[in-house]
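Novice: Once you've had a glance at the structure underneath, I'll fire off some questions.
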Amino acid sequence: MISEFGAYALILALVLAVLQTVMAAAGRIRRSPVLAGAAQGAAIASACLVALAFAALIFAFVTSDFSVANVANNSHTDKPMLYKVAGAWGSHEGSLVLWCLVMTGFGAALARASGLPFGLKTSAVGVQGALGSLFLAFAVFTSNPFARLDPAPFQGASLNPLLQDPALAFHPPLLYAGYVGFSVTFSLAVAALIEGRVDPAWGRWVRPWALASWVLLTVGITLGSFWAYYELGWGGWWFWDPVENASFMPWLAGAALLHSAVVTERRGALAGWTVFLALLAFTFSMLGAFLVRSGVLTSVHAFAVDPERGLMLLGILGVTAGAAFALFAWRAPRLTGGGLFAPISREGALVLNNLFLTAAAATVLLGTLYPLILQAATGATISVGPPYFALTFTPLMVVAFLILPAGPLLAWKRGDLKGAGQRLAVAAGLSLVCALLGWMAFEPRKAVAAGGIAIGAWLILGALAEVAERLRLFRVPLAEVGRRTRALPLGAWGMTLAHAGLGLFVLGAVVETGFKVEAAAPLGLDGTVTAGRYSVRLDDVRIVEGPNYLAEQGHLTVTPTDGGPERTVIAERRFFPAGGQTTTEVGLDFRGLDDVYVVLGERRSTPEADRAWTVRVYWNPWARLIFLGPLVMAIGGVLSLLDRRLRIGVAGRKTAVESAA
């Protein structure tokens, strides 16, 4: 009965989402606070019903109700409880309910938001209801998560073993929260086009929603990257997989939106461009949903291989994005341009930032879709991988990174480029010193990698230079510096952390990519293999039994060649009888900023030993920074959200009558 209750709740949520759309439209046309309030109530009720449906689905997984097809296909009685719960969103149907939960949840938050004008808020609630209606209809009519099996199987097929991991248990909810959170910026943009007005107040209302979504997406992508790093056993953290790109494109568009919204809020400029980016960010999110559910991609990330459902998702994408951009094309010429500014100004720097970010997103979009389009048109199969992105994406971002620290040091409207250069002179000099030290510290010496170290240091030191300028450090007494430190808004600290976190990521990515060392050898017991500064010895291999798997567990000792302390790591090969699949569990030895990464391969015989296992070892220098940097960026975003100046539009609820007044 619980599953039937969940299915009923999902259907009723769809009905309320449709009513939300209709009542919001009627309320806006008639300027009726009563109808607008009813639409807001329907948005909240719809979110509550989807939450109940999602809870019912989790209950079915927790109790191993194999009469539900979704549970039978993605769960097993031997699975640990965490992965039973995570199985609720580990399939196409369950993940779609999660998508609808996040979308209606954001819609309810929008309905409770205060400070927005009556027309803008009512229109935005209506657009959000229309989006929710489309995706709830898709879930109810094509992807019912509560479909029954008769007769019910005695045992389930289990979840993909690669997804049975703590990082993957939390990665999808955070990723979807970021993905779908951009639906609010989409709704606010469409509402602004309907109202025919985009002003500084609109920029202030849209920015917290964009920032919250961008922060959640940053954490979600980082968790997914870390999972790929230690779970897949191939030694890397990013492969430019099309599904990885599907999450990266909204992130790039969201970053551009954040910077553009600042210009709209402060100067009233770039109104049309900010609206365009608000539409684009969620369009990329819907494109990602299509890619992983249409069957056009084969990936561990992909949920479905059903072309019919893929066509329906493509239809949703075409209808929503097509209608929104058609409205944009009609209304954009009427949007006010705002204040004028000189090319050398903070606005000018932010415009350049936007151009490079959107151009970078375009290169990722082309690299992702071109193989699919070519195959559909000609039947030819090609692969677009890291070399393409190294030649197209990387140069664009290098130029953007070089410009980035100068922007906050320029004045609004008209800036002093020479003055900004003088304030950044020390940061530039220290960045070159860091490049020289990096070139001397790593072997073999690589000039390109040293240049990358300079860029990472430039981002960090540039962010610190901007804070020092705000505090007037070394130029006023310490008491005055302390006063300025206490008075500095949280948003300023958040921007500094975000830019510094980006620099940390660049340092980690450049050094890990440029100087990593890999070695592989078949090892018998007590055999050793050396990679870079570390030697790894195979001490023992045991058969162990897990909750739902059997594993060959290798115990290995990692010894620095320079005489540092020895440490033991455990690497495994796991066999899951329920699905007949084998996975690897990487052994990681954290050495400061470095990782020693050990993979236990298949057992084999060699002339030297009857029992030997292929052992691959990677020395990944500064790999910690790859994952630390985005987390620092996310913390910066959270600090900015806590700034009271950004909380307008997301505070407590006012009545519809007050909003109308």
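Ordering of the structure tokens sets the chain letters (A, B, ...); residue numbers start at 1 within each chain; ligands are numbered from 1 in the order shown.
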Give me the residues within 6 Å of region 526-528 of chain A as a tab-separated table (two decimals) with C-alpha atoms, in the first residue's frame, counting only C-alpha atoms and dropping any in the same chain fewer than 2 places off.
Specialist:
chain	number	residue	atom	x	y	z
A	523	LEU	CA	54.34	-8.78	-8.41
A	524	GLY	CA	54.63	-11.88	-6.32
A	536	VAL	CA	55.46	-0.17	-3.20
A	537	ARG	CA	55.88	-3.72	-1.88
A	538	LEU	CA	53.18	-6.42	-2.07
A	539	ASP	CA	53.08	-8.04	1.39
Novice: If you take only C-alpha atoms and a cut-off of 9 Å, which residues of region 464-485 of chain A touch region 421-438 of chain A, and what are their nearest atom pairs and distances in Å to one decimal, in chain and number order, as JSON lines?
Specialist:
{"residue": "A:Leu464", "atom": "CA", "partner": "A:Ala427", "partner_atom": "CA", "distance": 8.5}
{"residue": "A:Ala465", "atom": "CA", "partner": "A:Leu424", "partner_atom": "CA", "distance": 6.6}
{"residue": "A:Glu466", "atom": "CA", "partner": "A:Arg423", "partner_atom": "CA", "distance": 8.3}
{"residue": "A:Glu469", "atom": "CA", "partner": "A:Arg423", "partner_atom": "CA", "distance": 7.8}
Novice: Write the selection just made, keeping N, CA and C atoms, as an mmCIF file, in the first residue's frame?
Specialist:
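Contents of result_15.cif, as written:
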data_model
loop_
_atom_site.group_PDB
_atom_site.id
_atom_site.type_symbol
_atom_site.label_atom_id
_atom_site.label_comp_id
_atom_site.auth_asym_id
_atom_site.auth_seq_id
_atom_site.Cartn_x
_atom_site.Cartn_y
_atom_site.Cartn_z
ATOM 1 N N LEU A 464 44.540 37.579 -2.767
ATOM 2 C CA LEU A 464 45.071 38.134 -1.519
ATOM 3 C C LEU A 464 45.425 39.607 -1.672
ATOM 4 N N ALA A 465 45.927 39.980 -2.847
ATOM 5 C CA ALA A 465 46.263 41.388 -3.083
ATOM 6 C C ALA A 465 45.008 42.254 -3.048
ATOM 7 N N GLU A 466 43.901 41.718 -3.559
ATOM 8 C CA GLU A 466 42.657 42.483 -3.544
ATOM 9 C C GLU A 466 42.172 42.701 -2.109
ATOM 10 N N GLU A 469 44.346 45.274 -0.459
ATOM 11 C CA GLU A 469 43.985 46.622 -0.895
ATOM 12 C C GLU A 469 42.746 47.124 -0.158
#
Novice: Which parts of region 55-247 of chain A does DSSP call helix (DSSP H, G or I) when run on the backbone here, written out as a ChimeraX atom specification?
Specialist: /A:55-62,69-74,81-89,92-112,118-142,161-163,166-195,200-231,242-247
Novice: Write out the residues from the selection above, keeping C-alpha atoms, as a compact mmCIF listing (two decimals), in the first residue's frame.
Specialist:
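Output file out-v8.txt is given in full below:
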# COMPACT_ATOMS: atom_id res chain seq x y z
CA ALA A 55 9.85 8.85 0.96
CA ALA A 56 7.57 6.02 -0.19
CA LEU A 57 10.15 5.02 -2.81
CA ILE A 58 12.93 4.99 -0.20
CA PHE A 59 10.70 2.88 2.06
CA ALA A 60 10.25 0.35 -0.75
CA PHE A 61 14.03 0.10 -1.14
CA VAL A 62 14.71 -0.12 2.59
CA ALA A 69 10.04 -3.22 -10.52
CA ASN A 70 12.38 -0.33 -9.70
CA VAL A 71 13.44 -2.01 -6.43
CA ALA A 72 13.80 -5.43 -8.06
CA ASN A 73 16.09 -4.00 -10.76
CA ASN A 74 18.26 -1.89 -8.46
CA MET A 81 21.52 0.02 4.21
CA LEU A 82 23.23 3.16 2.84
CA TYR A 83 23.17 1.73 -0.68
CA LYS A 84 19.58 0.55 -0.31
CA VAL A 85 18.62 4.15 0.36
CA ALA A 86 20.91 5.42 -2.41
CA GLY A 87 19.34 2.89 -4.77
CA ALA A 88 16.21 5.05 -4.69
CA TRP A 89 17.98 7.55 -6.95
CA HIS A 92 16.31 6.39 -14.26
CA GLU A 93 12.91 6.34 -12.53
CA GLY A 94 14.20 7.11 -9.06
CA SER A 95 16.56 9.83 -10.22
CA LEU A 96 13.69 11.47 -12.08
CA VAL A 97 11.66 11.60 -8.86
CA LEU A 98 14.69 13.21 -7.20
CA TRP A 99 14.81 15.73 -10.05
CA CYS A 100 11.11 16.53 -9.51
CA LEU A 101 11.64 16.77 -5.74
CA VAL A 102 14.40 19.34 -6.17
CA MET A 103 12.42 21.28 -8.78
CA THR A 104 9.24 21.48 -6.73
CA GLY A 105 11.29 22.18 -3.59
CA PHE A 106 12.90 25.17 -5.25
CA GLY A 107 9.47 26.17 -6.51
CA ALA A 108 8.12 26.11 -2.96
CA ALA A 109 11.06 28.23 -1.81
CA LEU A 110 10.35 30.70 -4.61
CA ALA A 111 6.69 30.81 -3.56
CA ARG A 112 7.72 31.69 0.00
CA PHE A 118 3.80 41.03 -7.46
CA GLY A 119 3.98 40.65 -11.23
CA LEU A 120 7.49 39.22 -11.33
CA LYS A 121 6.90 36.75 -8.52
CA THR A 122 3.56 35.53 -9.80
CA SER A 123 4.92 35.03 -13.31
CA ALA A 124 8.00 33.22 -11.96
CA VAL A 125 5.85 30.91 -9.82
CA GLY A 126 3.76 30.14 -12.90
CA VAL A 127 6.80 29.33 -15.04
CA GLN A 128 8.23 27.15 -12.28
CA GLY A 129 4.90 25.33 -12.11
CA ALA A 130 4.98 24.74 -15.87
CA LEU A 131 8.46 23.24 -15.63
CA GLY A 132 7.37 21.04 -12.74
CA SER A 133 4.28 19.93 -14.67
CA LEU A 134 6.33 18.79 -17.65
CA PHE A 135 8.80 16.74 -15.62
CA LEU A 136 6.14 15.32 -13.29
CA ALA A 137 4.11 14.29 -16.33
CA PHE A 138 7.18 12.61 -17.78
CA ALA A 139 7.68 10.72 -14.50
CA VAL A 140 4.03 9.70 -14.14
CA PHE A 141 3.31 8.64 -17.71
CA THR A 142 6.65 7.21 -18.94
CA PRO A 161 28.50 -2.09 -7.92
CA LEU A 162 30.32 1.00 -9.18
CA LEU A 163 27.54 3.08 -7.66
CA PRO A 166 29.62 6.69 -0.15
CA ALA A 167 30.58 9.50 -2.54
CA LEU A 168 28.03 8.27 -5.09
CA ALA A 169 25.37 8.09 -2.39
CA PHE A 170 25.59 11.88 -1.89
CA HIS A 171 26.82 12.98 -5.32
CA PRO A 172 23.46 12.79 -7.20
CA PRO A 173 21.37 14.77 -4.65
CA LEU A 174 23.94 17.57 -4.55
CA LEU A 175 24.43 17.53 -8.30
CA TYR A 176 20.68 17.66 -8.92
CA ALA A 177 20.25 20.43 -6.37
CA GLY A 178 22.68 22.48 -8.45
CA TYR A 179 21.37 21.32 -11.81
CA VAL A 180 17.72 21.92 -11.05
CA GLY A 181 18.32 24.96 -8.87
CA PHE A 182 18.98 26.91 -12.04
CA SER A 183 15.30 26.38 -12.89
CA VAL A 184 14.55 29.31 -10.54
CA THR A 185 16.90 31.62 -12.43
CA PHE A 186 15.24 30.36 -15.63
CA SER A 187 11.79 31.16 -14.22
CA LEU A 188 12.88 34.59 -13.00
CA ALA A 189 14.37 35.33 -16.42
CA VAL A 190 11.20 34.30 -18.26
CA ALA A 191 9.14 36.30 -15.77
CA ALA A 192 11.32 39.36 -16.36
CA LEU A 193 10.82 38.98 -20.12
CA ILE A 194 7.05 38.70 -19.61
CA GLU A 195 7.10 41.82 -17.45
CA PRO A 200 19.24 46.34 -10.79
CA ALA A 201 16.64 45.01 -8.37
CA TRP A 202 16.07 41.98 -10.64
CA GLY A 203 19.83 41.34 -10.68
CA ARG A 204 19.81 41.40 -6.89
CA TRP A 205 16.90 38.94 -6.75
CA VAL A 206 18.36 36.45 -9.21
CA ARG A 207 21.88 36.38 -7.80
CA PRO A 208 21.28 34.39 -4.57
CA TRP A 209 19.43 31.66 -6.45
CA ALA A 210 22.21 31.43 -9.02
CA LEU A 211 24.85 31.41 -6.29
CA ALA A 212 23.14 28.67 -4.27
CA SER A 213 22.77 26.48 -7.36
CA TRP A 214 26.38 27.08 -8.40
CA VAL A 215 27.68 26.16 -4.93
CA LEU A 216 25.69 22.93 -4.84
CA LEU A 217 26.76 22.04 -8.36
CA THR A 218 30.40 22.72 -7.46
CA VAL A 219 30.25 20.30 -4.52
CA GLY A 220 28.33 17.72 -6.57
CA ILE A 221 30.84 17.77 -9.43
CA THR A 222 33.76 17.56 -6.98
CA LEU A 223 32.27 14.51 -5.27
CA GLY A 224 31.70 12.85 -8.64
CA SER A 225 35.25 13.61 -9.72
CA PHE A 226 36.66 12.21 -6.48
CA TRP A 227 34.56 9.06 -6.91
CA ALA A 228 35.89 8.55 -10.44
CA TYR A 229 39.40 9.12 -9.09
CA TYR A 230 39.42 6.45 -6.41
CA GLU A 231 36.71 4.05 -7.57
CA PRO A 242 30.19 13.54 -22.32
CA VAL A 243 28.23 13.05 -19.11
CA GLU A 244 30.93 14.85 -17.13
CA ASN A 245 30.68 17.65 -19.66
CA ALA A 246 26.89 17.70 -19.22
CA SER A 247 27.37 18.82 -15.61
Novice: Write out as a list in words the residues lying within 9 Å of Glu518 (chain A), counting only C-alpha atoms and excluding same-chain residues fewer than 3 positions away.
Specialist: Gly235, Thr530, Ala531, Gly532, Arg616, Val617, Tyr618, Trp619 and Asn620 of chain A
Novice: For Ala256 (chain A), please output as a list in words all residues within 8 Å (counting only C-alpha atoms; exclusion window: fewer than 2 positions along the same chain).
Specialist: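 The residues that qualify are Leu252, Ala253, Gly254, Leu258, His259, Ser260, Leu277, Asn353, Asn354, Leu357 and Thr358 of chain A.
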Novice: Using the selection just defined, write its residues with C-alpha atoms as a PDB file, in the first residue's frame.
Specialist:
ATOM      1  CA  LEU A 252      30.367  27.411 -16.592  1.00  0.00           C
ATOM      2  CA  ALA A 253      27.125  29.159 -17.553  1.00  0.00           C
ATOM      3  CA  GLY A 254      26.288  29.621 -13.862  1.00  0.00           C
ATOM      4  CA  LEU A 258      27.000  35.218 -11.295  1.00  0.00           C
ATOM      5  CA  HIS A 259      29.492  37.722 -12.686  1.00  0.00           C
ATOM      6  CA  SER A 260      27.024  39.200 -15.158  1.00  0.00           C
ATOM      7  CA  LEU A 277      22.721  33.354 -19.245  1.00  0.00           C
ATOM      8  CA  ASN A 353      35.172  37.195 -17.989  1.00  0.00           C
ATOM      9  CA  ASN A 354      31.726  36.381 -19.399  1.00  0.00           C
ATOM     10  CA  LEU A 357      33.453  31.584 -19.882  1.00  0.00           C
ATOM     11  CA  THR A 358      30.715  31.344 -22.494  1.00  0.00           C
TER      12      THR A 358
END
